[in-house]
file protein.txt (compact mmCIF, C-alpha atoms)
# COMPACT_ATOMS: atom_id res chain seq x y z
CA MET A 1 -15.85 -3.58 -13.27
CA THR A 2 -15.57 -7.31 -13.91
CA THR A 3 -17.84 -9.83 -12.19
CA ARG A 4 -15.06 -11.16 -9.97
CA PHE A 5 -15.15 -7.83 -8.12
CA SER A 6 -18.92 -7.73 -7.73
CA SER A 7 -19.25 -9.67 -4.47
CA ARG A 8 -19.57 -7.75 -1.23
CA SER A 9 -16.82 -9.73 0.51
CA VAL A 10 -14.29 -8.99 -2.25
CA LEU A 11 -15.18 -5.29 -2.24
CA MET A 12 -14.76 -5.14 1.52
CA PHE A 13 -11.39 -6.92 1.27
CA ILE A 14 -10.23 -4.24 -1.17
CA LEU A 15 -11.71 -1.19 0.56
CA VAL A 16 -11.62 -1.78 4.33
CA PRO A 17 -7.79 -1.80 4.49
CA MET A 18 -7.78 1.44 2.48
CA LEU A 19 -9.88 3.10 5.18
CA LEU A 20 -7.16 2.26 7.72
CA PHE A 21 -3.79 2.56 5.93
CA GLN A 22 -3.23 6.27 6.53
CA LEU A 23 -4.55 6.17 10.11
CA THR A 24 -2.31 3.22 10.95
CA GLY A 25 0.71 4.84 9.34
CA ALA A 26 0.21 8.15 11.14
CA SER A 27 -0.23 6.32 14.45
CA LEU A 28 3.09 4.56 13.90
CA TYR A 29 5.29 7.41 12.65
CA PHE A 30 3.80 10.09 14.92
CA VAL A 31 3.02 8.15 18.10
CA ALA A 32 4.31 4.60 18.44
CA LEU A 33 7.59 4.72 16.50
CA PRO A 34 8.54 8.34 15.73
CA GLY A 35 12.21 7.38 15.58
CA TYR A 36 11.46 5.38 12.44
CA SER A 37 9.44 8.12 10.74
CA SER A 38 11.94 8.44 7.88
CA PHE A 39 11.08 4.85 6.93
CA LEU A 40 7.46 4.55 8.05
CA TYR A 41 6.20 7.72 6.35
CA PRO A 42 7.31 6.79 2.81
CA ALA A 43 6.36 3.15 3.43
CA THR A 44 2.81 4.25 4.24
CA LYS A 45 2.61 6.32 1.06
CA ILE A 46 3.99 3.47 -1.06
CA LEU A 47 1.38 1.10 0.39
CA MET A 48 -1.37 3.66 -0.27
CA LEU A 49 -0.21 3.86 -3.88
CA ALA A 50 0.52 0.18 -4.49
CA TRP A 51 -2.71 -1.26 -3.05
CA PRO A 52 -5.22 0.62 -5.26
CA LEU A 53 -2.90 0.52 -8.27
CA GLY A 54 -2.57 -3.24 -7.96
CA TRP A 55 -6.33 -3.73 -7.78
CA TYR A 56 -6.87 -1.31 -10.65
CA LEU A 57 -4.46 -3.25 -12.83
CA ALA A 58 -6.27 -6.43 -11.79
CA GLY A 59 -9.49 -4.98 -13.20
CA PHE A 60 -11.22 -3.28 -10.28
CA ARG A 61 -12.95 -0.02 -11.14
CA PRO A 62 -14.55 2.36 -8.61
CA ALA A 63 -17.91 3.90 -9.41
CA VAL A 64 -17.67 7.02 -11.56
CA TYR A 65 -20.13 9.76 -12.39
CA LYS A 66 -21.25 10.47 -15.92
CA GLY A 67 -22.81 13.87 -15.51
CA SER A 68 -21.73 17.20 -16.92
CA LYS A 69 -18.31 18.65 -16.13
CA LYS A 70 -19.58 22.22 -16.22
CA ASN A 71 -18.11 24.87 -13.90
CA TRP A 72 -15.56 22.51 -12.35
CA VAL A 73 -12.91 25.25 -12.10
CA LEU A 74 -15.40 27.70 -10.58
CA PHE A 75 -16.64 25.20 -7.99
CA GLY A 76 -13.09 24.19 -7.07
CA LEU A 77 -11.72 27.71 -6.70
CA CYS A 78 -14.76 29.15 -4.90
CA SER A 79 -14.95 26.32 -2.37
CA GLY A 80 -11.20 26.49 -1.76
CA ILE A 81 -11.35 30.25 -1.23
CA LEU A 82 -14.30 29.86 1.13
CA PHE A 83 -12.60 27.18 3.23
CA SER A 84 -9.32 29.12 3.26
CA THR A 85 -11.07 32.31 4.38
CA ILE A 86 -12.63 30.45 7.30
CA ILE A 87 -9.22 29.04 8.26
CA ILE A 88 -7.51 32.45 8.08
CA LEU A 89 -10.25 34.15 10.12
CA THR A 90 -10.06 31.39 12.74
CA PHE A 91 -6.30 31.83 12.97
CA PHE A 92 -6.44 35.60 13.42
CA LEU A 93 -9.30 35.41 15.91
CA PHE A 94 -7.43 32.89 18.08
CA GLU A 95 -3.82 33.67 17.17
CA PRO A 96 -2.51 33.73 20.77
CA PHE A 97 -4.03 30.28 21.32
CA PHE A 98 -2.34 28.86 18.22
CA ARG A 99 0.99 30.49 19.07
CA SER A 100 1.00 28.74 22.44
CA PHE A 101 1.52 25.46 20.57
CA VAL A 102 4.50 26.61 18.53
CA PRO A 103 7.02 24.56 20.61
CA ALA A 104 5.09 21.37 19.85
CA LEU A 105 4.95 22.32 16.17
CA GLN A 106 8.70 22.97 16.13
CA GLY A 107 9.35 19.64 17.81
CA VAL A 108 7.46 17.67 15.18
CA ALA A 109 9.03 19.70 12.36
CA GLU A 110 12.48 18.90 13.75
CA THR A 111 11.62 15.20 14.11
CA PHE A 112 10.71 15.05 10.44
CA GLY A 113 13.60 17.32 9.44
CA ILE A 114 11.52 19.78 7.43
CA LEU A 115 12.55 23.11 8.97
CA SER A 116 15.43 23.62 6.55
CA TRP A 117 13.28 22.90 3.49
CA TYR A 118 9.85 23.99 4.65
CA ILE A 119 8.84 25.90 1.50
CA PRO A 120 9.59 23.04 -0.97
CA PHE A 121 7.88 20.68 1.46
CA ALA A 122 4.82 22.95 1.63
CA ILE A 123 4.63 23.20 -2.18
CA PHE A 124 4.93 19.43 -2.53
CA LEU A 125 2.28 18.84 0.12
CA SER A 126 -0.13 21.43 -1.27
CA VAL A 127 0.10 20.45 -4.94
CA PHE A 128 1.21 16.84 -5.27
CA HIS A 129 0.21 15.24 -1.98
CA SER A 130 -3.26 16.80 -2.24
CA LEU A 131 -3.63 15.20 -5.69
CA PHE A 132 -2.48 11.89 -4.24
CA GLU A 133 -5.10 12.14 -1.49
CA GLU A 134 -7.86 13.09 -3.91
CA LEU A 135 -7.06 10.09 -6.11
CA TYR A 136 -6.92 7.83 -3.08
CA TRP A 137 -9.84 9.12 -0.99
CA ARG A 138 -12.30 10.59 -3.48
CA TRP A 139 -11.73 8.57 -6.65
CA PHE A 140 -10.83 5.15 -5.28
CA VAL A 141 -12.20 4.95 -1.71
CA PHE A 142 -15.36 7.01 -2.18
CA GLY A 143 -15.93 5.54 -5.63
CA GLY A 144 -15.37 2.06 -4.28
CA LEU A 145 -17.67 2.55 -1.30
CA ARG A 146 -20.37 3.67 -3.74
CA LEU A 147 -20.40 0.08 -5.02
CA LEU A 148 -21.17 -1.14 -1.50
CA MET A 149 -23.59 1.41 -0.07
CA LYS A 150 -25.72 4.49 -0.67
CA THR A 151 -23.98 7.70 -1.68
CA ASN A 152 -24.58 9.56 1.60
CA THR A 153 -23.25 6.62 3.63
CA ALA A 154 -20.20 6.37 1.37
CA ILE A 155 -19.55 10.10 1.80
CA ALA A 156 -19.83 9.89 5.60
CA LEU A 157 -17.68 6.78 6.01
CA GLY A 158 -15.02 7.86 3.54
CA SER A 159 -14.79 11.37 5.00
CA LEU A 160 -14.52 10.17 8.60
CA ALA A 161 -11.76 7.75 7.58
CA PHE A 162 -10.04 10.59 5.69
CA SER A 163 -10.10 12.78 8.79
CA ALA A 164 -8.93 10.07 11.21
CA HIS A 165 -5.22 10.32 10.48
CA HIS A 166 -5.46 14.12 10.68
CA VAL A 167 -6.75 13.74 14.24
CA VAL A 168 -3.62 11.73 15.11
CA ILE A 169 -1.46 14.51 13.65
CA LEU A 170 -3.41 17.30 15.34
CA TRP A 171 -3.20 15.44 18.66
CA GLN A 172 0.56 16.07 18.59
CA PHE A 173 -0.05 19.83 18.84
CA PHE A 174 -3.42 20.41 20.49
CA PRO A 175 -5.47 19.09 23.41
CA PRO A 176 -7.65 16.07 22.54
CA VAL A 177 -10.90 18.05 22.40
CA ILE A 178 -9.42 20.60 19.99
CA ALA A 179 -7.85 17.85 17.87
CA LEU A 180 -11.22 16.08 17.61
CA LEU A 181 -12.99 19.35 16.78
CA PHE A 182 -10.53 20.13 14.00
CA GLY A 183 -10.80 16.53 12.85
CA LEU A 184 -14.56 16.99 12.50
CA THR A 185 -14.02 20.06 10.32
CA ILE A 186 -11.65 18.04 8.13
CA ALA A 187 -14.32 15.35 7.78
CA ILE A 188 -16.77 18.04 6.69
CA ALA A 189 -14.24 19.31 4.14
CA GLY A 190 -13.77 15.74 2.90
CA ALA A 191 -17.53 15.36 2.51
CA CYS A 192 -17.67 18.62 0.55
CA TRP A 193 -14.90 17.36 -1.74
CA CYS A 194 -16.85 14.15 -2.34
CA LEU A 195 -19.87 16.24 -3.28
CA LEU A 196 -17.77 18.46 -5.55
CA TYR A 197 -16.35 15.39 -7.29
CA GLN A 198 -19.85 14.00 -7.72
CA LYS A 199 -21.37 17.33 -8.78
CA THR A 200 -18.84 18.16 -11.50
CA ASN A 201 -17.74 14.67 -12.54
CA SER A 202 -14.15 15.90 -12.25
CA LEU A 203 -11.56 15.10 -9.62
CA VAL A 204 -9.76 18.32 -10.55
CA THR A 205 -12.57 20.24 -8.82
CA SER A 206 -11.90 18.79 -5.38
CA TRP A 207 -8.16 18.90 -6.05
CA LEU A 208 -8.19 22.66 -6.70
CA SER A 209 -10.12 23.21 -3.48
CA HIS A 210 -7.75 20.90 -1.59
CA ILE A 211 -4.68 22.74 -2.93
CA LEU A 212 -5.95 26.09 -1.64
CA VAL A 213 -6.81 24.69 1.78
CA ASP A 214 -3.46 22.94 2.24
CA ALA A 215 -1.57 26.01 0.99
CA THR A 216 -3.42 28.19 3.50
CA ILE A 217 -2.70 25.86 6.42
CA LEU A 218 0.97 25.51 5.50
CA THR A 219 1.32 29.28 5.08
CA ILE A 220 0.00 29.69 8.61
CA GLY A 221 2.49 27.05 9.69
CA TYR A 222 5.27 29.13 8.14
CA VAL A 223 4.07 32.24 9.98
CA LEU A 224 4.16 30.34 13.26
CA LEU A 225 7.50 28.63 12.74
CA PHE A 226 9.49 31.45 11.19
call {"tool": "encode", "arguments": {"input": "protein.txt", "output": "C-alpha cells"}}
result
Amino acid sequence: MTTRFSSRSVLMFILVPMLLFQLTGASLYFVALPGYSSFLYPATKILMLAWPLGWYLAGFRPAVYKGSKKNWVLFGLCSGILFSTIIILTFFLFEPFFRSFVPALQGVAETFGILSWYIPFAIFLSVFHSLFEELYWRWFVFGGLRLLMKTNTAIALGSLAFSAHHVVILWQFFPPVIALLFGLTIAIAGACWCLLYQKTNSLVTSWLSHILVDATILTIGYVLLF
C-alpha cells in the first residue's frame, strides 16, 4: 500500500462508506422505495463493485495474510456443512413457525420477480453473489479494517456491518426480535469466515463455506415457496 493511503482519515474515507453501502441499499429497495427495486438493487451492487475497484486501481491494498494455505478446502467444506446442518435442523424443528411466514416470502419474491426463475436465481446467489460478498466483506473490508485496528475489532465491526443488511431483509418476513436474532447468527457466520480467511490465507475457504450456507437457505426457500 502506498504512503498516500497510510493516514487514518484516508482509510476511514475509503472504508466507512463500504460498511454502509449494502445496508443503505437494502433499506431503500426493501423498505423505502420497493417500487424502484429493479433499479436500486443493481445500482447498489454496481456501487459495491466500483468503489473498491476504483480504490484498488488507485493503489490501495487491504491487509493480506502470508501464512500457509494448508487445508483450505477441508476448512471451507467442513464449516459450510456444519453451518448448513444447523440451519436444516433449525428449519425442521420449527417448520410450522417458518411456514407461517410463507405469504410474506411470496410477496417479496413477487416484488422482485424471481418466482418464475427461482432456481437460476438461487444458483447465481449461492455461487457468484457469495463470491462477490467474500471479495467485498472479507478481502476488502476486513482486510482494510485490519490497517486501522486490531484483528478482533476488525472482525467484529466488519461482521456486524455484513449482517446489518440481512436484518433489513429478514425484517420483511419475521418479527423484529427474530430478525435481530437471525442477524446475530449471520454476524457470527461472518466472523467465522473472517477467521477462516485469516487461518488459511485463502478467500476460497470462506467462499466454499458461504456457498454451502446460501445454497441451504435457498433450498429451504424453494421448499417453502413451491
call {"tool": "residues_around", "arguments": {"input": "protein.txt", "residues": "Leu49 (chain A)", "least_positions_apart": "3", "cutoff": "10 Å", "atoms": "all atoms listed in the file", "output": "ChimeraX atom specification"}}
result
/A:43-46,52-54,132-133,135-136
call {"tool": "closest_residue", "arguments": {"input": "protein.txt", "among": "A:Leu23, A:Ala58, A:Leu74, A:Val102", "to": "Thr200 (chain A)", "atoms": "all atoms listed in the file"}}
result
A:Leu74
call {"tool": "residues_around", "arguments": {"input": "protein.txt", "residues": "Leu19 (chain A)", "least_positions_apart": "3", "cutoff": "8 Å", "atoms": "only C-alpha atoms", "output": "PyMOL selection string"}}
result
chain A and resi 15-16+22-23+141+158+161-162
call {"tool": "axis_aligned_box", "arguments": {"input": "protein.txt", "around": "region 125-143 of chain A", "padding_each_side": "5 Å", "output": "lines of an AutoDock Vina configuration file"}}
result
center_x = -6.8
center_y = 13.2
center_z = -3.3
size_x = 28.2
size_y = 26.5
size_z = 16.8
call {"tool": "closest_residue", "arguments": {"input": "protein.txt", "among": "A:Phe91, A:Phe30, A:Leu218, A:Leu11", "to": "Leu170 (chain A)", "atoms": "all atoms listed in the file"}}
result
A:Phe30
call {"tool": "atom_distance", "arguments": {"input": "protein.txt", "atom1": "CA of Phe83 (chain A)", "atom2": "CA of Gly143 (chain A)"}}
result
23.6 Å
call {"tool": "closest_residue", "arguments": {"input": "protein.txt", "among": "A:Ile86, A:Val10, A:Met149, A:Val168", "to": "Leu28 (chain A)", "atoms": "only C-alpha atoms"}}
result
A:Val168
call {"tool": "atom_distance", "arguments": {"input": "protein.txt", "atom1": "CA of Ser27 (chain A)", "atom2": "CA of Trp171 (chain A)"}}
result
10.5 Å
call {"tool": "residues_around", "arguments": {"input": "protein.txt", "residues": "Leu77 (chain A)", "least_positions_apart": "4", "cutoff": "7 Å", "atoms": "all atoms listed in the file", "output": "list in words"}}
result
Val73, Ile81, Leu208 and Ser209 of chain A
call {"tool": "residues_around", "arguments": {"input": "protein.txt", "residues": "Arg8 (chain A)", "least_positions_apart": "3", "cutoff": "9 Å", "atoms": "all atoms listed in the file", "output": "PyMOL selection string"}}
result
chain A and resi 5+11-13+147-148
call {"tool": "closest_residue", "arguments": {"input": "protein.txt", "among": "A:Leu145, A:Val64, A:Leu224, A:Leu20", "to": "Tyr197 (chain A)", "atoms": "all atoms listed in the file"}}
result
A:Val64
call {"tool": "closest_residue", "arguments": {"input": "protein.txt", "among": "A:Phe173, A:Trp139, A:Trp193, A:Phe39", "to": "Ala156 (chain A)", "atoms": "only C-alpha atoms"}}
result
A:Trp193
call {"tool": "decode", "arguments": {"input": "protein.txt", "residues": "region 26-54 of chain A", "atoms": "N, CA and C atoms", "output": "PDB file, in the first residue's frame"}}
result
ATOM      1  N   ALA A  26     -30.239  -1.999   0.810  1.00  0.00           N
ATOM      2  CA  ALA A  26     -31.338  -2.872   1.235  1.00  0.00           C
ATOM      3  C   ALA A  26     -32.472  -2.075   1.866  1.00  0.00           C
ATOM      4  N   SER A  27     -32.139  -1.044   2.616  1.00  0.00           N
ATOM      5  CA  SER A  27     -33.166  -0.202   3.243  1.00  0.00           C
ATOM      6  C   SER A  27     -33.993   0.527   2.193  1.00  0.00           C
ATOM      7  N   LEU A  28     -33.354   0.878   1.075  1.00  0.00           N
ATOM      8  CA  LEU A  28     -34.067   1.572   0.007  1.00  0.00           C
ATOM      9  C   LEU A  28     -34.934   0.618  -0.803  1.00  0.00           C
ATOM     10  N   TYR A  29     -34.320  -0.493  -1.307  1.00  0.00           N
ATOM     11  CA  TYR A  29     -35.105  -1.329  -2.221  1.00  0.00           C
ATOM     12  C   TYR A  29     -36.033  -2.302  -1.514  1.00  0.00           C
ATOM     13  N   PHE A  30     -35.881  -2.503  -0.199  1.00  0.00           N
ATOM     14  CA  PHE A  30     -36.824  -3.346   0.528  1.00  0.00           C
ATOM     15  C   PHE A  30     -37.863  -2.543   1.304  1.00  0.00           C
ATOM     16  N   VAL A  31     -37.475  -1.365   1.798  1.00  0.00           N
ATOM     17  CA  VAL A  31     -38.341  -0.636   2.731  1.00  0.00           C
ATOM     18  C   VAL A  31     -38.831   0.682   2.154  1.00  0.00           C
ATOM     19  N   ALA A  32     -37.921   1.583   1.860  1.00  0.00           N
ATOM     20  CA  ALA A  32     -38.311   2.946   1.496  1.00  0.00           C
ATOM     21  C   ALA A  32     -38.886   3.046   0.090  1.00  0.00           C
ATOM     22  N   LEU A  33     -38.243   2.375  -0.880  1.00  0.00           N
ATOM     23  CA  LEU A  33     -38.645   2.526  -2.283  1.00  0.00           C
ATOM     24  C   LEU A  33     -38.708   1.175  -2.993  1.00  0.00           C
ATOM     25  N   PRO A  34     -39.546   0.248  -2.510  1.00  0.00           N
ATOM     26  CA  PRO A  34     -39.584  -1.074  -3.136  1.00  0.00           C
ATOM     27  C   PRO A  34     -40.039  -1.050  -4.591  1.00  0.00           C
ATOM     28  N   GLY A  35     -40.783  -0.019  -4.972  1.00  0.00           N
ATOM     29  CA  GLY A  35     -41.220   0.086  -6.359  1.00  0.00           C
ATOM     30  C   GLY A  35     -40.087   0.327  -7.335  1.00  0.00           C
ATOM     31  N   TYR A  36     -38.949   0.757  -6.819  1.00  0.00           N
ATOM     32  CA  TYR A  36     -37.780   1.022  -7.659  1.00  0.00           C
ATOM     33  C   TYR A  36     -36.692  -0.038  -7.469  1.00  0.00           C
ATOM     34  N   SER A  37     -37.084  -1.193  -6.952  1.00  0.00           N
ATOM     35  CA  SER A  37     -36.104  -2.239  -6.643  1.00  0.00           C
ATOM     36  C   SER A  37     -35.342  -2.705  -7.873  1.00  0.00           C
ATOM     37  N   SER A  38     -36.003  -2.715  -9.043  1.00  0.00           N
ATOM     38  CA  SER A  38     -35.338  -3.174 -10.260  1.00  0.00           C
ATOM     39  C   SER A  38     -34.179  -2.267 -10.651  1.00  0.00           C
ATOM     40  N   PHE A  39     -34.212  -1.013 -10.188  1.00  0.00           N
ATOM     41  CA  PHE A  39     -33.105  -0.088 -10.420  1.00  0.00           C
ATOM     42  C   PHE A  39     -32.152  -0.034  -9.229  1.00  0.00           C
ATOM     43  N   LEU A  40     -32.711   0.031  -8.022  1.00  0.00           N
ATOM     44  CA  LEU A  40     -31.891   0.236  -6.833  1.00  0.00           C
ATOM     45  C   LEU A  40     -31.024  -0.970  -6.499  1.00  0.00           C
ATOM     46  N   TYR A  41     -31.550  -2.191  -6.717  1.00  0.00           N
ATOM     47  CA  TYR A  41     -30.762  -3.382  -6.406  1.00  0.00           C
ATOM     48  C   TYR A  41     -29.484  -3.450  -7.242  1.00  0.00           C
ATOM     49  N   PRO A  42     -29.590  -3.390  -8.591  1.00  0.00           N
ATOM     50  CA  PRO A  42     -28.343  -3.432  -9.366  1.00  0.00           C
ATOM     51  C   PRO A  42     -27.459  -2.207  -9.128  1.00  0.00           C
ATOM     52  N   ALA A  43     -28.073  -1.047  -8.861  1.00  0.00           N
ATOM     53  CA  ALA A  43     -27.272   0.146  -8.597  1.00  0.00           C
ATOM     54  C   ALA A  43     -26.422  -0.029  -7.345  1.00  0.00           C
ATOM     55  N   THR A  44     -27.001  -0.678  -6.328  1.00  0.00           N
ATOM     56  CA  THR A  44     -26.249  -0.948  -5.096  1.00  0.00           C
ATOM     57  C   THR A  44     -25.067  -1.864  -5.378  1.00  0.00           C
ATOM     58  N   LYS A  45     -25.305  -2.913  -6.158  1.00  0.00           N
ATOM     59  CA  LYS A  45     -24.232  -3.858  -6.471  1.00  0.00           C
ATOM     60  C   LYS A  45     -23.135  -3.196  -7.305  1.00  0.00           C
ATOM     61  N   ILE A  46     -23.526  -2.340  -8.245  1.00  0.00           N
ATOM     62  CA  ILE A  46     -22.536  -1.637  -9.066  1.00  0.00           C
ATOM     63  C   ILE A  46     -21.671  -0.733  -8.198  1.00  0.00           C
ATOM     64  N   LEU A  47     -22.305  -0.033  -7.255  1.00  0.00           N
ATOM     65  CA  LEU A  47     -21.554   0.828  -6.341  1.00  0.00           C
ATOM     66  C   LEU A  47     -20.601   0.013  -5.478  1.00  0.00           C
ATOM     67  N   MET A  48     -21.081  -1.142  -4.993  1.00  0.00           N
ATOM     68  CA  MET A  48     -20.245  -2.012  -4.163  1.00  0.00           C
ATOM     69  C   MET A  48     -19.066  -2.594  -4.949  1.00  0.00           C
ATOM     70  N   LEU A  49     -19.210  -2.695  -6.249  1.00  0.00           N
ATOM     71  CA  LEU A  49     -18.115  -3.161  -7.091  1.00  0.00           C
ATOM     72  C   LEU A  49     -17.187  -2.011  -7.484  1.00  0.00           C
ATOM     73  N   ALA A  50     -17.781  -0.879  -7.865  1.00  0.00           N
ATOM     74  CA  ALA A  50     -16.992   0.231  -8.398  1.00  0.00           C
ATOM     75  C   ALA A  50     -16.130   0.904  -7.333  1.00  0.00           C
ATOM     76  N   TRP A  51     -16.664   1.054  -6.124  1.00  0.00           N
ATOM     77  CA  TRP A  51     -15.927   1.772  -5.070  1.00  0.00           C
ATOM     78  C   TRP A  51     -14.609   1.061  -4.717  1.00  0.00           C
ATOM     79  N   PRO A  52     -14.628  -0.211  -4.312  1.00  0.00           N
ATOM     80  CA  PRO A  52     -13.344  -0.862  -4.005  1.00  0.00           C
ATOM     81  C   PRO A  52     -12.446  -1.022  -5.226  1.00  0.00           C
ATOM     82  N   LEU A  53     -13.046  -1.299  -6.395  1.00  0.00           N
ATOM     83  CA  LEU A  53     -12.239  -1.454  -7.601  1.00  0.00           C
ATOM     84  C   LEU A  53     -11.510  -0.157  -7.933  1.00  0.00           C
ATOM     85  N   GLY A  54     -12.218   0.960  -7.798  1.00  0.00           N
ATOM     86  CA  GLY A  54     -11.601   2.251  -8.074  1.00  0.00           C
ATOM     87  C   GLY A  54     -10.428   2.527  -7.157  1.00  0.00           C
TER      88      GLY A  54
END
